[in-house]
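For reference, upload37.csv is printed below; it contains CSV, C-alpha atoms and all ligand atoms.
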chain,number,residue,atom,x,y,z
A,1,MET,CA,-10.0,12.7,-11.3
A,2,GLY,CA,-12.4,9.8,-11.6
A,3,GLY,CA,-13.7,9.2,-15.0
A,4,VAL,CA,-14.7,5.6,-14.5
A,5,GLY,CA,-18.3,6.3,-13.9
A,6,SER,CA,-20.4,5.4,-10.9
A,7,GLY,CA,-18.2,2.5,-10.0
A,8,ASN,CA,-21.1,0.1,-10.3
A,9,TRP,CA,-19.6,-1.6,-13.3
A,10,TYR,CA,-16.7,-2.6,-11.2
A,11,ARG,CA,-18.9,-5.1,-9.5
A,12,TRP,CA,-16.6,-8.0,-8.9
A,13,ASP,CA,-16.9,-11.8,-8.6
A,14,LYS,CA,-18.6,-12.4,-5.3
A,15,LYS,CA,-15.8,-14.8,-4.4
A,16,THR,CA,-13.3,-12.1,-4.4
A,17,THR,CA,-12.9,-10.8,-0.8
A,18,THR,CA,-10.7,-8.1,0.6
A,19,ASP,CA,-8.5,-10.8,2.0
A,20,GLN,CA,-7.3,-11.7,-1.5
A,21,VAL,CA,-6.6,-8.4,-3.1
A,22,LYS,CA,-3.7,-5.9,-3.1
A,23,ARG,CA,-4.5,-3.1,-0.9
A,24,ILE,CA,-2.8,0.2,0.2
A,25,ASP,CA,-3.3,1.1,3.8
A,26,ILE,CA,-2.6,4.8,4.6
A,27,ARG,CA,-2.1,4.1,8.3
A,28,PHE,CA,0.4,1.4,7.6
A,29,MET,CA,2.3,3.7,5.3
A,30,LYS,CA,2.2,6.5,7.7
A,31,LYS,CA,3.5,4.3,10.6
A,32,GLN,CA,6.3,3.0,8.4
A,33,GLY,CA,7.3,6.6,7.6
A,34,LEU,CA,6.5,6.0,3.9
A,35,LEU,CA,4.5,9.2,3.4
A,36,LYS,CA,7.1,11.9,3.6
A,37,PRO,CA,6.8,14.4,0.8
A,38,ASN,CA,9.1,13.9,-2.2
A,39,THR,CA,10.0,10.3,-1.3
A,40,THR,CA,9.7,7.3,-3.6
A,41,GLY,CA,9.5,3.7,-2.9
A,42,SER,CA,7.7,0.5,-3.7
A,43,LEU,CA,4.9,-1.5,-2.1
A,44,ASN,CA,5.0,-5.3,-2.5
A,45,TRP,CA,2.4,-7.9,-1.8
A,46,SER,CA,2.7,-11.6,-1.2
A,47,VAL,CA,0.3,-14.4,-0.9
A,48,ARG,CA,1.5,-17.3,1.3
A,49,GLY,CA,5.1,-16.1,0.9
A,50,GLU,CA,5.1,-15.8,-2.9
A,51,PRO,CA,5.4,-12.3,-4.5
A,52,SER,CA,2.0,-11.4,-6.0
A,53,GLY,CA,2.5,-7.8,-7.0
A,54,SER,CA,4.6,-4.6,-6.7
A,55,ILE,CA,4.0,-1.0,-7.5
A,56,ARG,CA,6.2,2.1,-7.4
A,57,TYR,CA,5.0,5.2,-5.6
A,58,THR,CA,6.1,8.8,-5.1
A,59,CYS,CA,4.7,10.8,-2.3
A,60,TYR,CA,3.9,14.5,-2.7
A,61,THR,CA,2.4,16.9,-0.2
A,62,ASP,CA,-1.1,16.6,-1.5
A,63,TYR,CA,-1.2,13.3,-3.3
A,64,LEU,CA,0.4,9.9,-3.9
A,65,GLN,CA,1.4,9.0,-7.3
A,66,LEU,CA,1.3,5.3,-8.2
A,67,SER,CA,3.1,3.7,-11.1
A,68,PHE,CA,2.6,0.1,-12.0
A,69,ARG,CA,1.8,-2.3,-14.8
A,70,HIS,CA,-1.5,-3.9,-15.3
A,71,ARG,CA,-2.8,-6.6,-17.6
A,72,ASN,CA,-6.3,-7.7,-18.2
A,73,ARG,CA,-6.6,-11.4,-18.8
A,74,GLY,CA,-5.3,-12.2,-22.3
A,75,ASP,CA,-4.1,-8.6,-23.0
A,76,ASP,CA,-0.7,-7.0,-23.1
A,77,TRP,CA,0.8,-5.3,-20.1
A,78,GLN,CA,0.1,-1.6,-19.9
A,79,SER,CA,1.7,1.1,-17.8
A,80,VAL,CA,-0.6,2.8,-15.4
A,81,GLU,CA,-0.1,6.1,-13.5
A,82,GLN,CA,-2.6,6.9,-10.8
A,83,TYR,CA,-2.9,9.9,-8.6
A,84,ILE,CA,-4.5,9.6,-5.2
A,85,PRO,CA,-5.3,12.9,-3.5
A,86,PHE,CA,-4.8,13.1,0.3
A,87,ASP,CA,-7.3,14.6,2.7
A,88,ARG,CA,-6.6,15.7,6.2
A,89,THR,CA,-8.9,15.9,9.2
A,90,VAL,CA,-8.1,17.3,12.7
A,91,CYS,CA,-7.6,14.7,15.4
A,92,HIS,CA,-9.3,14.9,18.7
A,93,PHE,CA,-5.9,15.0,20.5
A,94,GLY,CA,-4.6,17.7,18.1
A,95,GLY,CA,-2.5,17.1,15.0
A,96,GLU,CA,-4.1,15.7,11.9
A,97,ARG,CA,-5.1,12.4,10.4
A,98,LEU,CA,-4.3,11.6,6.8
A,99,TRP,CA,-6.8,10.0,4.4
A,100,PHE,CA,-7.0,9.0,0.8
A,101,LEU,CA,-9.7,10.4,-1.4
A,102,CYS,CA,-10.9,7.6,-3.6
A,103,PRO,CA,-10.0,8.6,-7.1
A,104,ASN,CA,-13.3,7.3,-8.4
A,105,CYS,CA,-15.9,8.4,-5.8
A,106,SER,CA,-13.9,10.9,-3.7
A,107,LYS,CA,-14.9,9.2,-0.4
A,108,ARG,CA,-12.5,9.7,2.4
A,109,VAL,CA,-11.0,6.3,3.1
A,110,GLY,CA,-8.0,4.7,4.8
A,111,LEU,CA,-7.7,1.7,2.4
A,112,LEU,CA,-7.6,1.3,-1.3
A,113,TYR,CA,-7.9,-2.0,-3.2
A,114,GLY,CA,-6.2,-3.0,-6.5
A,115,VAL,CA,-8.8,-5.4,-7.8
A,116,GLY,CA,-9.1,-4.2,-11.4
A,117,LYS,CA,-6.8,-1.9,-13.2
A,118,LEU,CA,-7.0,1.0,-10.6
A,119,PHE,CA,-6.7,1.3,-6.9
A,120,LEU,CA,-10.1,2.3,-5.6
A,121,CYS,CA,-12.0,2.1,-2.3
A,122,ARG,CA,-14.0,-0.9,-1.1
A,123,HIS,CA,-17.3,0.9,-1.9
A,124,CYS,CA,-16.4,1.3,-5.5
A,125,TYR,CA,-15.4,-2.3,-5.9
A,126,GLN,CA,-18.2,-3.5,-3.6
A,127,LEU,CA,-15.9,-6.0,-2.0
A,128,PRO,CA,-17.5,-8.4,0.4
A,129,TYR,CA,-15.6,-9.3,3.5
A,130,SER,CA,-14.3,-12.8,3.8
A,131,SER,CA,-17.4,-14.9,3.9
A,132,GLN,CA,-16.2,-17.3,6.6
A,133,ASN,CA,-16.2,-14.3,9.0
A,134,SER,CA,-19.1,-12.4,7.5
A,135,GLY,CA,-21.4,-12.7,10.6
A,136,TYR,CA,-18.6,-11.7,13.0
A,137,MET,CA,-17.5,-9.0,10.6
A,138,ASP,CA,-21.0,-7.5,10.2
A,139,ASN,CA,-21.4,-7.4,13.9
A,140,LEU,CA,-18.1,-5.5,14.3
A,141,VAL,CA,-18.9,-3.1,11.6
A,142,GLU,CA,-22.4,-2.5,13.0
A,143,GLN,CA,-21.0,-1.8,16.5
A,144,LYS,CA,-18.3,0.5,15.1
A,145,ASP,CA,-20.8,2.5,13.0
A,146,LYS,CA,-23.2,2.9,16.0
A,147,LEU,CA,-20.4,4.1,18.2
A,148,GLY,CA,-19.0,6.3,15.5
A,149,GLU,CA,-22.4,8.0,15.0
A,150,ARG,CA,-22.6,8.6,18.8
A,151,ILE,CA,-19.1,10.0,19.5
A,152,PHE,CA,-18.1,11.9,16.3
A,153,GLU,CA,-19.4,15.2,15.1
A,154,TYR,CA,-18.9,14.0,11.6
A,155,PHE,CA,-19.3,10.4,10.5
A,156,GLU,CA,-19.4,9.3,6.9
A,157,TYR,CA,-18.9,5.9,5.2
A,158,GLY,CA,-17.6,4.3,8.3
A,159,GLU,CA,-15.0,7.0,9.1
A,160,GLY,CA,-15.4,9.6,11.8
A,161,TRP,CA,-13.7,12.7,13.0
A,162,GLY,CA,-14.2,15.6,15.5
A,163,LYS,CA,-15.6,15.1,19.0
A,164,LYS,CA,-19.4,15.3,19.2
A,165,LYS,CA,-20.3,18.7,20.5
A,166,GLY,CA,-21.5,18.6,24.1
A,167,MET,CA,-19.8,15.3,24.9
A,168,HIS,CA,-17.3,15.3,27.8
A,169,TRP,CA,-13.7,14.7,26.8
A,170,LYS,CA,-13.5,11.9,29.4
A,171,THR,CA,-16.5,10.1,27.9
A,172,PHE,CA,-15.2,10.7,24.4
A,173,GLU,CA,-11.8,9.3,25.2
A,174,ARG,CA,-13.2,6.2,26.8
A,175,LEU,CA,-15.5,5.5,23.9
A,176,TYR,CA,-12.9,6.4,21.4
A,177,ALA,CA,-10.6,3.8,22.8
A,178,ARG,CA,-13.4,1.2,22.3
A,179,TYR,CA,-13.9,2.6,18.8
A,180,GLU,CA,-10.3,2.1,18.0
A,181,GLN,CA,-10.4,-1.5,19.3
A,182,LEU,CA,-13.3,-2.2,16.9
A,183,ASP,CA,-11.6,-0.5,14.0
A,184,TYR,CA,-8.5,-2.6,14.7
A,185,ALA,CA,-10.5,-5.8,14.9
A,186,ILE,CA,-12.1,-5.0,11.6
A,187,ASN,CA,-8.8,-4.2,9.9
A,188,TYR,CA,-7.3,-7.3,11.3
A,189,GLN,CA,-10.1,-9.4,9.8
A,190,ILE,CA,-9.6,-7.7,6.4
A,191,THR,CA,-5.8,-8.0,6.4
A,192,LYS,CA,-4.8,-11.2,8.1
A,193,ARG,CA,-4.3,-12.8,4.7
A,194,GLY,CA,-2.5,-11.3,1.7
A,195,ASP,CA,-1.2,-8.5,3.8
A,196,LEU,CA,1.3,-5.8,2.8
A,197,VAL,CA,4.8,-7.0,3.4
A,201,ZN,ZN,-14.5,4.9,-4.2

Now that the file is in, can you turn its structure into structure tokens?
Amino acid sequence: MGGVGSGNWYRWDKKTTTDQVKRIDIRFMKKQGLLKPNTTGSLNWSVRGEPSGSIRYTCYTDYLQLSFRHRNRGDDWQSVEQYIPFDRTVCHFGGERLWFLCPNCSKRVGLLYGVGKLFLCRHCYQLPYSSQNSGYMDNLVEQKDKLGERIFEYFEYGEGWGKKKGMHWKTFERLYARYEQLDYAINYQITKRGDLV
């Protein structure tokens, strides 16, 4: 996996924000029942009602296979196959939570972005959030990270799992509900335009 270096050379035009790019949301796919092993389907994006992209996917037990066509400006279309490994963490209420492992940096993430040829995580593409909301967004992210550090045993790159040892379940559940609200608010900010359809 990987093979595209540190990711730094993917630095993108500062004007590109996560609102404007194709993204794959693992929680959206899970909720829609799109992640059953050995199923295939397509993901389609639109911008203001106009189709802006489509990819085929096949879901396996341990990874998602993406098939699509990509063209750099001025070049011919090329077929791209990408393999996105899954990772699983145990939920505080039992069961498991599914994640993508970014194919470039292997960070555990819930969202991948198709900015260049490949679908990679926000860290690899260094996508800024929509600038009109950056103050609000920074504040949400800061609050969420602080809370995450406090309540989770493990917290990396803005994603946490496992109840902090020694914390009462009641306290954890109350704070976790708040954490989910912040997470939702952040995702809403990211996805309110150019959303998956
Ligand atoms: Zn990455």

Can I get the residues close to ligand ZN 201 (chain A) as a compact mmCIF listing (two decimals) with C-alpha atoms, in the frame of the given file, where close means within 8 Å and we count all atoms listed in the file?
# COMPACT_ATOMS: atom_id res chain seq x y z
CA GLY A 7 -18.20 2.50 -10.00
CA LEU A 101 -9.70 10.40 -1.40
CA CYS A 102 -10.90 7.60 -3.60
CA PRO A 103 -10.00 8.60 -7.10
CA ASN A 104 -13.30 7.30 -8.40
CA CYS A 105 -15.90 8.40 -5.80
CA SER A 106 -13.90 10.90 -3.70
CA LYS A 107 -14.90 9.20 -0.40
CA LEU A 120 -10.10 2.30 -5.60
CA CYS A 121 -12.00 2.10 -2.30
CA ARG A 122 -14.00 -0.90 -1.10
CA HIS A 123 -17.30 0.90 -1.90
CA CYS A 124 -16.40 1.30 -5.50
CA TYR A 125 -15.40 -2.30 -5.90

What separation in Å, quoted to one decimal, exists between CA of Ile55 (chain A) and CA of Ser67 (chain A)?
->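 Answer for the CA of Ile55 (chain A) to CA of Ser67 (chain A) separation: 6.0 Å.
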
Separation of CA of Lys170 (chain A) from CA of Glu96 (chain A) in Å = 20.2 Å

Point-to-point distance in Å for CA of Ser54 (chain A) and CA of Phe68 (chain A) |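 Separation between CA of Phe68 (chain A) and CA of Ser54 (chain A): 7.4 Å.
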
Find the residues around Lys36 (chain A) up to 8 Å (only C-alpha atoms counted), leave out those fewer than 3 positions away in its own chain, and share them as a PyMOL selection string.
-> chain A and resi 33+39+59-61

Residue nearest Met137 (chain A) - candidates A:Arg174, A:Ile151, A:Ala185, A:Tyr113, atoms counted: all atoms listed in the file |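 Of A:Arg174, A:Ile151, A:Ala185, A:Tyr113, the one nearest Met137 (chain A) is A:Ala185, counting all atoms listed in the file.
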
Write out as a PDB file with C-alpha atoms, keeping the file's coordinate frame the residues lying within 8 Å of Glu159 (chain A), counting all atoms listed in the file and excluding same-chain residues fewer than 6 positions away.
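Just written: around-v1.pdb:
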ATOM      1  CA  ARG A 108     -12.500   9.700   2.400  1.00  0.00           C
ATOM      2  CA  VAL A 109     -11.000   6.300   3.100  1.00  0.00           C
ATOM      3  CA  GLY A 148     -19.000   6.300  15.500  1.00  0.00           C
TER       4      GLY A 148
END

For Gly114 (chain A), work out the shell of residues within 6 Å, counting all atoms listed in the file and skipping chain neighbours fewer than 2 positions away, then give it as a count of residues only.
-> 5

Smallest atom-to-atom distance to Gln65 (chain A): which of A:Glu156, A:Asp87, A:Trp45, A:Asn38, using all atoms listed in the file?
->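 Among the listed residues, the smallest separation from Gln65 (chain A) belongs to A:Asn38.
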
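Within 7 Å of the file-frame point (-6.2, 6.8, 1.9), and using only C-alpha atoms, the polymer residues found are A:Asp25, A:Ile26, A:Phe86, A:Trp99, A:Phe100, A:Leu101, A:Arg108, A:Val109, A:Gly110, A:Leu111, A:Leu112.
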
Give the answer as one residue: which of A:Tyr184, A:Gln78, A:Thr171, A:Asp62 has the shortest atom-to-atom distance to Val141 (chain A), using only C-alpha atoms?
->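 The answer is A:Tyr184, which sits nearest to Val141 (chain A).
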
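Closest approach to Phe28 (chain A) among A:Leu98, A:Val115, A:Thr89, A:Ile84: A:Leu98, based on all atoms listed in the file.
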